[in-house]
Amino acid sequence: MISRFSKYIIATLCFIQIASVIKAEYIEQVEEISAGNFFGYGARQMSMGGAGIMTIDGTALFYNPANLARIPRIEFIFGMSNQKFKDKSAVRPVRKEIDYSTPIPIADTYSPRFEGYLPVSNSVEESKINSRINSAIVSVPYPTYRGSMVIGVGMTRSASFDRIFALNHIDTSAAGDIIAAGKEFQSGGLNQWAAGIGLDLSPRVAFGGAIYVYTGKHDYSWNYALDSLDVLSYEKEDLITDDYFGFNAKLALSMRLNQTVSLGMAVESPLTFKVEEEYNGYESLNGDGTYYYDYIKYDIKKPFVFSGGISAQINNAALMADLDYTDWSQLEYGNNKDMEIYNSDIRLYYTDVVRMRLGGEYVFPNLGLSLRAGYFNDPLPIKSEFINNNRDGFSLGAGILIDQVMTIDLAFVHGSYGRNSDFVYASTKDDNDVITSTHNLIIDEDVSYNRLFLTTAYRF
């Protein structure tokens with residue numbers, strides 16, 4: 001989906017005493033929900049901050065296929081996840097005016113939200129809980145004369161679209177009030193299906209590769225209503241469904257430097273999505289309603305992902321660290337001329353990021369118990385001016401080994417970030433019907449989420 005919001009907002013322009021109905025979008029009009037959206041898989045890995053490049057179980061099929069070669073027996077993994085997503089938003093008491101009459105737009109003029117009106121301080125908090133199947137993976141060693149070769153097949157839920165958002169703003173005066181409220185629901189996700197192989201090149205070096213197919217669905221709804229001075233009444237509803245299909249591949253290496261330290265690296269090829277989008281909308285002004293419908297197809301091409309990781313095993317303790325690098329400014333739309341015009345805006349809005357994950361584990365052999373903790377820094381893939389607090393968090397977890405053949409792992413992950421966005425609620429045009437300036441409302445959001453991962457593995 002190209003934008004987080006696509007809606008019409010009616011606002012009373014008190015400073016010129018007229019009403020204007022215009023199309024308004026968040027300034028991140030090219031925001032793609034699948035960009036920088038890593039949900040996580042494998043309770044053991046997620047309890048260590050998401051560090052998985054040097055993991056040695058079936059989830060290596062997705063983190064680092066080379067480590068499949070280290071799996072000694074047939075293994076089956078099944079996992080579930082639960083997420084509570086919370087969003088707290090507030091509309092700032094000022095508006096931002098952007099002057100488009102110059103070659104480079106100027107956006108440094110701020111004034112009261114509605115001139116002559118007193119903005120009422122308010123915030124809205126919403127939450128949403130979802131439980132999903134997170135992973136199912138089978139790893140099978142293939143008999144060899146020397147070394148190891150392991151084949152893996154499986155699926156995981158690599159991205160989550162389960163989100164919620166709400167806003168309202170009230171501006172009051174002796175003449176009356178301007179009252180507006182909106183609520184957004186999003187649901188769905190991406191399932192990543194994989195087939196891969198890991199094999200030993202030497203006693204200390206393993207190579208692996210995997211092919212991935214992605215399927216998914218994104219359901220989006222937005223409901224908005226505004227009442228201005230008990231004179232103007234406006235309602236808007238958007239229902240958007242996106243179906244995703246894509247594919248890419250990953251190549252990886254794993255190296256044992258010595259008995260203590262191991263290194264891994266992986267390169268994930270660009271991911272191409274085929275997207276089919278269906279839009280249904282309704283708009284009403286003072287009771288006069290109109291229905292809308294649209295259907296489009298387009299491509300999304302996501303950039304390379306370069307990953308590296310290190311692990312250290314010291315007696316019963318293990319430490320892991322991963323880094324991922326992605327240049328999200330290389331995201332592109334294609335196969336649709338109307339979408340491709342946004343590619344220049346993508347380079348202005350997105351940026352490159354380095355995602356860091358750190359974790360540790362301590363094993364109590366006599367109890368068959370493992371305790372784990374981790375930290376992650378997962379920067380939002382957007383320019384810093386849209387970020388209030390970047391995304392990071394911590395994790396805790398534990399695992400138990402049963403009869404040397406079965407493991408049960410549990411992880412708790414907490415993450416949070418803050419961002420700001422603005423949407424146009426009014427514009428000024430010249431005699432040629434060209435927009436010369438806009439007036440934007442600014443929204444601050446504080447987002448947090450708690451995720452639980454439960455994974456069980458059985459080795460035959």
# chains A, B, ... in the order shown; residues from 1 in each chain; ligands from 1
$ residues_around --residues "Arg391 in chain A" --least-positions-apart "3" --cutoff "12 Å" --atoms "only C-alpha atoms" --output "list in words"
Gly36, Asn37, Phe38, Val353, Val354, Arg355, Met356, Tyr375, Phe376, Asn377, Asp378, Pro379, Leu380, Pro381, Ile382, Ser384, Ile387, Asn388, Phe394, His414, Gly415, Ser416, Tyr417, Gly418, Arg419, Asp446, Val447, Ser448 and Tyr449 of chain A
$ residues_around --residues "Asp327 in chain A" --least-positions-apart "4" --cutoff "7 Å" --atoms "only C-alpha atoms" --output "PDB file with C-alpha atoms, in the first residue's frame"
ATOM      1  CA  PRO A 303      16.682  -3.640  -1.868  1.00  0.00           C
ATOM      2  CA  THR A 351      17.133   6.282   4.347  1.00  0.00           C
ATOM      3  CA  ASP A 352      19.623   3.486   4.958  1.00  0.00           C
ATOM      4  CA  VAL A 353      19.679   1.772   8.348  1.00  0.00           C
TER       5      VAL A 353
END
$ residues_around --residues "range 433-437 of chain A" --least-positions-apart "5" --cutoff "6 Å" --atoms "only C-alpha atoms" --output "short mmCIF file (atom, residue, chain, number, x, y, z; two decimals) with N, CA and C atoms, in the first residue's frame"
data_model
loop_
_atom_site.label_atom_id
_atom_site.label_comp_id
_atom_site.auth_asym_id
_atom_site.auth_seq_id
_atom_site.Cartn_x
_atom_site.Cartn_y
_atom_site.Cartn_z
N ILE A 98 3.43 25.44 4.58
CA ILE A 98 4.49 25.15 3.61
C ILE A 98 4.26 25.99 2.37
N ASP A 99 5.28 26.75 2.00
CA ASP A 99 5.21 27.65 0.84
C ASP A 99 5.83 26.95 -0.36
N TYR A 100 5.00 26.68 -1.38
CA TYR A 100 5.46 26.01 -2.59
C TYR A 100 5.76 26.98 -3.74
N SER A 101 5.73 28.27 -3.45
CA SER A 101 5.95 29.26 -4.52
C SER A 101 7.42 29.41 -4.87
N SER A 427 -5.40 24.13 1.58
CA SER A 427 -4.39 24.59 0.63
C SER A 427 -4.85 25.88 -0.02
N THR A 428 -3.88 26.61 -0.53
CA THR A 428 -4.14 27.85 -1.26
C THR A 428 -3.66 27.68 -2.70
#
$ residues_around --residues "range 70-75 of chain A" --least-positions-apart "3" --cutoff "9 Å" --atoms "only C-alpha atoms" --output "PyMOL selection string"
chain A and resi 56-58+66-67+137-141+148-150+198-200+206+457-460
$ write_last_selection --atoms "all heavy atoms" --output "compact mmCIF listing (two decimals), in the first residue's frame"
# COMPACT_ATOMS: atom_id res chain seq x y z
N ILE A 56 21.71 -22.44 15.41
CA ILE A 56 21.85 -23.79 14.88
C ILE A 56 20.59 -24.57 15.22
O ILE A 56 20.52 -25.35 16.18
CB ILE A 56 23.11 -24.49 15.43
CG1 ILE A 56 24.36 -23.68 15.06
CG2 ILE A 56 23.24 -25.90 14.85
CD1 ILE A 56 25.65 -24.24 15.62
N ASP A 57 19.55 -24.28 14.48
CA ASP A 57 18.31 -25.04 14.49
C ASP A 57 17.59 -24.73 13.19
O ASP A 57 18.14 -24.08 12.30
CB ASP A 57 17.45 -24.75 15.74
CG ASP A 57 17.02 -23.29 15.85
OD1 ASP A 57 16.94 -22.61 14.81
OD2 ASP A 57 16.76 -22.84 16.98
N GLY A 58 16.36 -25.17 13.05
CA GLY A 58 15.66 -25.03 11.79
C GLY A 58 15.45 -23.60 11.34
O GLY A 58 15.31 -23.34 10.13
N ALA A 66 23.42 -21.45 5.82
CA ALA A 66 24.65 -22.24 5.97
C ALA A 66 24.65 -23.05 7.26
O ALA A 66 25.19 -24.16 7.32
CB ALA A 66 25.87 -21.31 5.94
N ASN A 67 24.02 -22.53 8.32
CA ASN A 67 24.01 -23.23 9.60
C ASN A 67 23.06 -24.42 9.63
O ASN A 67 23.02 -25.16 10.62
CB ASN A 67 23.68 -22.27 10.73
CG ASN A 67 24.89 -21.46 11.15
OD1 ASN A 67 26.02 -21.95 11.12
ND2 ASN A 67 24.67 -20.22 11.54
N ILE A 137 8.81 -25.58 10.49
CA ILE A 137 10.03 -25.85 9.73
C ILE A 137 10.45 -27.31 9.93
O ILE A 137 10.43 -27.82 11.06
CB ILE A 137 11.18 -24.93 10.17
CG1 ILE A 137 10.75 -23.45 10.11
CG2 ILE A 137 12.42 -25.16 9.31
CD1 ILE A 137 11.71 -22.51 10.82
N VAL A 138 10.86 -27.96 8.86
CA VAL A 138 11.41 -29.31 8.91
C VAL A 138 12.82 -29.27 8.33
O VAL A 138 13.04 -28.72 7.23
CB VAL A 138 10.55 -30.31 8.12
CG1 VAL A 138 11.20 -31.70 8.14
CG2 VAL A 138 9.15 -30.38 8.71
N SER A 139 13.78 -29.86 9.05
CA SER A 139 15.16 -29.95 8.60
C SER A 139 15.55 -31.42 8.55
O SER A 139 15.36 -32.15 9.53
CB SER A 139 16.10 -29.20 9.54
OG SER A 139 15.67 -27.86 9.71
N VAL A 140 16.12 -31.87 7.42
CA VAL A 140 16.44 -33.28 7.22
C VAL A 140 17.88 -33.43 6.74
O VAL A 140 18.22 -33.00 5.63
CB VAL A 140 15.49 -33.92 6.18
CG1 VAL A 140 15.81 -35.41 6.01
CG2 VAL A 140 14.04 -33.72 6.60
N PRO A 141 18.76 -34.04 7.56
CA PRO A 141 20.13 -34.33 7.09
C PRO A 141 20.11 -35.38 5.99
O PRO A 141 19.34 -36.34 6.04
CB PRO A 141 20.83 -34.87 8.35
CG PRO A 141 19.99 -34.37 9.49
CD PRO A 141 18.59 -34.34 8.99
N SER A 148 28.65 -32.71 6.01
CA SER A 148 27.22 -32.71 6.30
C SER A 148 26.47 -31.96 5.21
O SER A 148 26.98 -30.98 4.65
CB SER A 148 26.95 -32.06 7.66
OG SER A 148 25.58 -31.87 7.88
N MET A 149 25.26 -32.41 4.92
CA MET A 149 24.35 -31.69 4.04
C MET A 149 22.95 -31.83 4.62
O MET A 149 22.50 -32.94 4.90
CB MET A 149 24.39 -32.24 2.62
CG MET A 149 23.47 -31.46 1.66
SD MET A 149 23.66 -31.93 -0.07
CE MET A 149 22.85 -33.52 -0.06
N VAL A 150 22.30 -30.71 4.83
CA VAL A 150 20.97 -30.70 5.46
C VAL A 150 20.03 -29.87 4.58
O VAL A 150 20.38 -28.77 4.13
CB VAL A 150 21.02 -30.12 6.87
CG1 VAL A 150 19.61 -30.08 7.48
CG2 VAL A 150 21.95 -30.93 7.76
N GLY A 198 22.06 -26.48 3.42
CA GLY A 198 23.33 -26.13 4.03
C GLY A 198 24.28 -27.29 3.92
O GLY A 198 23.89 -28.44 4.14
N LEU A 199 25.53 -27.04 3.54
CA LEU A 199 26.50 -28.13 3.40
C LEU A 199 27.87 -27.67 3.81
O LEU A 199 28.23 -26.48 3.67
CB LEU A 199 26.51 -28.66 1.97
CG LEU A 199 26.97 -27.75 0.83
CD1 LEU A 199 27.46 -28.60 -0.33
CD2 LEU A 199 25.85 -26.85 0.37
N ASP A 200 28.66 -28.60 4.30
CA ASP A 200 30.02 -28.30 4.72
C ASP A 200 30.93 -28.19 3.50
O ASP A 200 30.95 -29.07 2.63
CB ASP A 200 30.56 -29.41 5.63
CG ASP A 200 29.99 -29.33 7.04
OD1 ASP A 200 29.67 -28.20 7.48
OD2 ASP A 200 29.87 -30.38 7.71
N ALA A 206 30.95 -23.71 6.30
CA ALA A 206 29.71 -24.22 5.70
C ALA A 206 29.12 -23.16 4.79
O ALA A 206 29.26 -21.94 5.03
CB ALA A 206 28.71 -24.62 6.78
N ALA A 457 10.43 -27.69 19.54
CA ALA A 457 11.22 -28.40 18.53
C ALA A 457 11.38 -29.86 18.97
O ALA A 457 11.57 -30.15 20.16
CB ALA A 457 12.58 -27.76 18.34
N TYR A 458 11.31 -30.76 17.99
CA TYR A 458 11.51 -32.19 18.26
C TYR A 458 12.54 -32.73 17.30
O TYR A 458 12.44 -32.51 16.08
CB TYR A 458 10.18 -32.97 18.11
CG TYR A 458 10.27 -34.39 18.61
CD1 TYR A 458 10.01 -34.71 19.92
CD2 TYR A 458 10.65 -35.42 17.72
CE1 TYR A 458 10.10 -36.02 20.38
CE2 TYR A 458 10.74 -36.73 18.18
CZ TYR A 458 10.47 -37.02 19.50
OH TYR A 458 10.58 -38.31 19.95
N ARG A 459 13.53 -33.42 17.84
CA ARG A 459 14.61 -34.00 17.03
C ARG A 459 14.46 -35.52 17.06
O ARG A 459 14.49 -36.14 18.13
CB ARG A 459 15.97 -33.57 17.53
CG ARG A 459 16.20 -32.07 17.35
CD ARG A 459 17.61 -31.65 17.78
NE ARG A 459 17.83 -30.24 17.51
CZ ARG A 459 17.60 -29.27 18.37
NH1 ARG A 459 17.11 -29.56 19.57
NH2 ARG A 459 17.82 -28.02 18.04
N PHE A 460 14.33 -36.12 15.88
CA PHE A 460 14.09 -37.56 15.77
C PHE A 460 15.41 -38.34 15.84
O PHE A 460 16.45 -37.86 15.40
CB PHE A 460 13.39 -37.86 14.44
CG PHE A 460 12.01 -37.26 14.36
CD1 PHE A 460 11.84 -35.96 13.87
CD2 PHE A 460 10.90 -37.96 14.79
CE1 PHE A 460 10.58 -35.39 13.80
CE2 PHE A 460 9.62 -37.39 14.70
CZ PHE A 460 9.47 -36.10 14.21
$ residues_around --residues "Gly281 in chain A" --least-positions-apart "4" --cutoff "9 Å" --atoms "only C-alpha atoms" --output "list of chain:residue names"
A:Lys236, A:Glu237, A:Asp238, A:Leu239, A:Ile240, A:Thr290, A:Tyr291, A:Tyr292, A:Tyr293, A:Asp294
$ write_last_selection --atoms "C-alpha atoms" --output "PDB file, in the first residue's frame"
ATOM      1  CA  LYS A 236     -14.987   9.577   5.207  1.00  0.00           C
ATOM      2  CA  GLU A 237     -14.458   5.808   5.099  1.00  0.00           C
ATOM      3  CA  ASP A 238     -11.695   3.899   3.291  1.00  0.00           C
ATOM      4  CA  LEU A 239     -11.469   0.120   2.921  1.00  0.00           C
ATOM      5  CA  ILE A 240      -8.334  -1.129   1.156  1.00  0.00           C
ATOM      6  CA  THR A 290     -20.464   9.507  -2.809  1.00  0.00           C
ATOM      7  CA  TYR A 291     -19.060   5.980  -3.200  1.00  0.00           C
ATOM      8  CA  TYR A 292     -15.697   5.233  -4.779  1.00  0.00           C
ATOM      9  CA  TYR A 293     -14.065   2.094  -6.178  1.00  0.00           C
ATOM     10  CA  ASP A 294     -10.659   1.393  -7.706  1.00  0.00           C
TER      11      ASP A 294
END
$ closest_residue --among "A:Phe364, A:Tyr117, A:Trp222, A:Tyr142" --to "Asp171 in chain A" --atoms "only C-alpha atoms"
A:Tyr117
$ residues_around --residues "range 48-53 of chain A" --least-positions-apart "3" --cutoff "6 Å" --atoms "only C-alpha atoms" --output "ChimeraX atom specification"
/A:45,63-64,309,321-322,357-360,373-376,395
$ write_last_selection --atoms "all heavy atoms" --output "mmCIF file, in the first residue's frame"
data_model
loop_
_atom_site.group_PDB
_atom_site.id
_atom_site.type_symbol
_atom_site.label_atom_id
_atom_site.label_comp_id
_atom_site.auth_asym_id
_atom_site.auth_seq_id
_atom_site.Cartn_x
_atom_site.Cartn_y
_atom_site.Cartn_z
ATOM 1 N N GLN A 45 15.780 -17.328 19.447
ATOM 2 C CA GLN A 45 16.433 -16.185 18.838
ATOM 3 C C GLN A 45 15.823 -14.868 19.316
ATOM 4 O O GLN A 45 16.540 -13.907 19.611
ATOM 5 C CB GLN A 45 16.337 -16.280 17.306
ATOM 6 C CG GLN A 45 17.121 -17.424 16.703
ATOM 7 C CD GLN A 45 16.494 -18.792 16.933
ATOM 8 O OE1 GLN A 45 15.287 -18.892 17.174
ATOM 9 N NE2 GLN A 45 17.295 -19.835 16.884
ATOM 10 N N TYR A 63 17.447 -17.280 8.841
ATOM 11 C CA TYR A 63 18.497 -16.382 9.307
ATOM 12 C C TYR A 63 19.798 -16.567 8.516
ATOM 13 O O TYR A 63 20.380 -15.604 8.031
ATOM 14 C CB TYR A 63 18.775 -16.615 10.796
ATOM 15 C CG TYR A 63 17.719 -16.090 11.723
ATOM 16 C CD1 TYR A 63 16.869 -16.961 12.399
ATOM 17 C CD2 TYR A 63 17.579 -14.730 11.962
ATOM 18 C CE1 TYR A 63 15.901 -16.488 13.270
ATOM 19 C CE2 TYR A 63 16.618 -14.238 12.836
ATOM 20 C CZ TYR A 63 15.778 -15.127 13.496
ATOM 21 O OH TYR A 63 14.822 -14.657 14.363
ATOM 22 N N ASN A 64 20.282 -17.807 8.448
ATOM 23 C CA ASN A 64 21.556 -18.118 7.795
ATOM 24 C C ASN A 64 21.528 -19.573 7.342
ATOM 25 O O ASN A 64 21.844 -20.488 8.109
ATOM 26 C CB ASN A 64 22.719 -17.878 8.755
ATOM 27 C CG ASN A 64 24.070 -18.149 8.117
ATOM 28 O OD1 ASN A 64 24.165 -18.742 7.046
ATOM 29 N ND2 ASN A 64 25.134 -17.725 8.784
ATOM 30 N N GLY A 309 27.051 -11.834 11.555
ATOM 31 C CA GLY A 309 26.847 -12.180 12.960
ATOM 32 C C GLY A 309 28.059 -12.877 13.541
ATOM 33 O O GLY A 309 28.889 -13.435 12.817
ATOM 34 N N ALA A 321 25.771 -11.619 18.484
ATOM 35 C CA ALA A 321 25.537 -10.259 17.990
ATOM 36 C C ALA A 321 25.335 -10.311 16.482
ATOM 37 O O ALA A 321 26.075 -11.003 15.774
ATOM 38 C CB ALA A 321 26.708 -9.349 18.335
ATOM 39 N N ASP A 322 24.329 -9.599 15.979
ATOM 40 C CA ASP A 322 24.011 -9.537 14.551
ATOM 41 C C ASP A 322 23.924 -8.086 14.101
ATOM 42 O O ASP A 322 23.517 -7.207 14.877
ATOM 43 C CB ASP A 322 22.653 -10.186 14.246
ATOM 44 C CG ASP A 322 22.676 -11.702 14.382
ATOM 45 O OD1 ASP A 322 23.747 -12.252 14.692
ATOM 46 O OD2 ASP A 322 21.610 -12.311 14.177
ATOM 47 N N ARG A 357 21.376 -6.424 16.840
ATOM 48 C CA ARG A 357 20.742 -7.329 17.797
ATOM 49 C C ARG A 357 21.813 -7.985 18.651
ATOM 50 O O ARG A 357 22.784 -8.530 18.126
ATOM 51 C CB ARG A 357 19.927 -8.394 17.050
ATOM 52 C CG ARG A 357 18.723 -7.835 16.312
ATOM 53 C CD ARG A 357 18.306 -8.693 15.152
ATOM 54 N NE ARG A 357 19.249 -8.580 14.039
ATOM 55 C CZ ARG A 357 19.298 -9.419 13.021
ATOM 56 N NH1 ARG A 357 18.494 -10.458 12.980
ATOM 57 N NH2 ARG A 357 20.167 -9.241 12.045
ATOM 58 N N LEU A 358 21.621 -7.939 19.958
ATOM 59 C CA LEU A 358 22.570 -8.507 20.911
ATOM 60 C C LEU A 358 21.833 -9.446 21.848
ATOM 61 O O LEU A 358 20.708 -9.164 22.267
ATOM 62 C CB LEU A 358 23.246 -7.403 21.733
ATOM 63 C CG LEU A 358 23.982 -6.295 20.961
ATOM 64 C CD1 LEU A 358 24.414 -5.199 21.919
ATOM 65 C CD2 LEU A 358 25.183 -6.867 20.227
ATOM 66 N N GLY A 359 22.489 -10.567 22.206
ATOM 67 C CA GLY A 359 21.831 -11.494 23.117
ATOM 68 C C GLY A 359 22.802 -12.426 23.816
ATOM 69 O O GLY A 359 23.947 -12.600 23.383
ATOM 70 N N GLY A 360 22.322 -12.993 24.906
ATOM 71 C CA GLY A 360 23.118 -13.946 25.662
ATOM 72 C C GLY A 360 22.259 -15.060 26.218
ATOM 73 O O GLY A 360 21.046 -14.902 26.413
ATOM 74 N N ALA A 373 18.551 -13.353 27.504
ATOM 75 C CA ALA A 373 18.175 -11.937 27.493
ATOM 76 C C ALA A 373 18.823 -11.284 26.281
ATOM 77 O O ALA A 373 19.819 -11.784 25.738
ATOM 78 C CB ALA A 373 18.607 -11.245 28.779
ATOM 79 N N GLY A 374 18.245 -10.160 25.849
ATOM 80 C CA GLY A 374 18.804 -9.494 24.686
ATOM 81 C C GLY A 374 18.347 -8.060 24.555
ATOM 82 O O GLY A 374 17.467 -7.576 25.284
ATOM 83 N N TYR A 375 18.961 -7.377 23.604
ATOM 84 C CA TYR A 375 18.640 -5.986 23.275
ATOM 85 C C TYR A 375 18.679 -5.845 21.757
ATOM 86 O O TYR A 375 19.486 -6.494 21.083
ATOM 87 C CB TYR A 375 19.650 -5.027 23.908
ATOM 88 C CG TYR A 375 19.564 -3.607 23.366
ATOM 89 C CD1 TYR A 375 18.602 -2.724 23.822
ATOM 90 C CD2 TYR A 375 20.439 -3.179 22.370
ATOM 91 C CE1 TYR A 375 18.502 -1.432 23.311
ATOM 92 C CE2 TYR A 375 20.357 -1.883 21.854
ATOM 93 C CZ TYR A 375 19.382 -1.024 22.326
ATOM 94 O OH TYR A 375 19.281 0.246 21.808
ATOM 95 N N PHE A 376 17.798 -4.991 21.218
ATOM 96 C CA PHE A 376 17.832 -4.734 19.791
ATOM 97 C C PHE A 376 17.625 -3.254 19.514
ATOM 98 O O PHE A 376 16.920 -2.549 20.242
ATOM 99 C CB PHE A 376 16.769 -5.555 19.039
ATOM 100 C CG PHE A 376 15.345 -5.230 19.409
ATOM 101 C CD1 PHE A 376 14.633 -4.263 18.719
ATOM 102 C CD2 PHE A 376 14.719 -5.895 20.458
ATOM 103 C CE1 PHE A 376 13.316 -3.964 19.063
ATOM 104 C CE2 PHE A 376 13.414 -5.611 20.804
ATOM 105 C CZ PHE A 376 12.696 -4.642 20.107
ATOM 106 N N SER A 395 14.544 -8.027 25.389
ATOM 107 C CA SER A 395 13.870 -9.324 25.357
ATOM 108 C C SER A 395 14.355 -10.187 26.507
ATOM 109 O O SER A 395 15.480 -10.045 26.995
ATOM 110 C CB SER A 395 14.124 -10.034 24.024
ATOM 111 O OG SER A 395 15.507 -10.235 23.824
#
$ closest_residue --among "A:Glu332, A:Glu235, A:Asp230, A:Asp219" --to "Pro270 in chain A" --atoms "only C-alpha atoms"
A:Glu332
$ closest_atom_pairs --of "range 284-386 of chain A" --to "range 247-259 of chain A" --cutoff "12 Å" --atoms "only C-alpha atoms" --output "CSV"
residue,atom,partner,partner_atom,distance
A:Asp299,CA,A:Phe247,CA,11.8
A:Ile300,CA,A:Phe247,CA,11.2
A:Lys301,CA,A:Phe247,CA,10.2
A:Lys302,CA,A:Asn248,CA,9.8
A:Pro303,CA,A:Asn248,CA,10.6
A:Phe304,CA,A:Lys250,CA,9.8
A:Val305,CA,A:Lys250,CA,9.2
A:Phe306,CA,A:Lys250,CA,9.8
A:Ser307,CA,A:Ala252,CA,9.1
A:Gly308,CA,A:Ala252,CA,9.5
A:Gly309,CA,A:Ser254,CA,9.3
A:Ile310,CA,A:Met255,CA,9.6
A:Ser311,CA,A:Arg256,CA,9.5
A:Ala312,CA,A:Gln259,CA,8.8
A:Gln313,CA,A:Gln259,CA,7.8
A:Ile314,CA,A:Gln259,CA,9.1
A:Asn315,CA,A:Gln259,CA,10.5
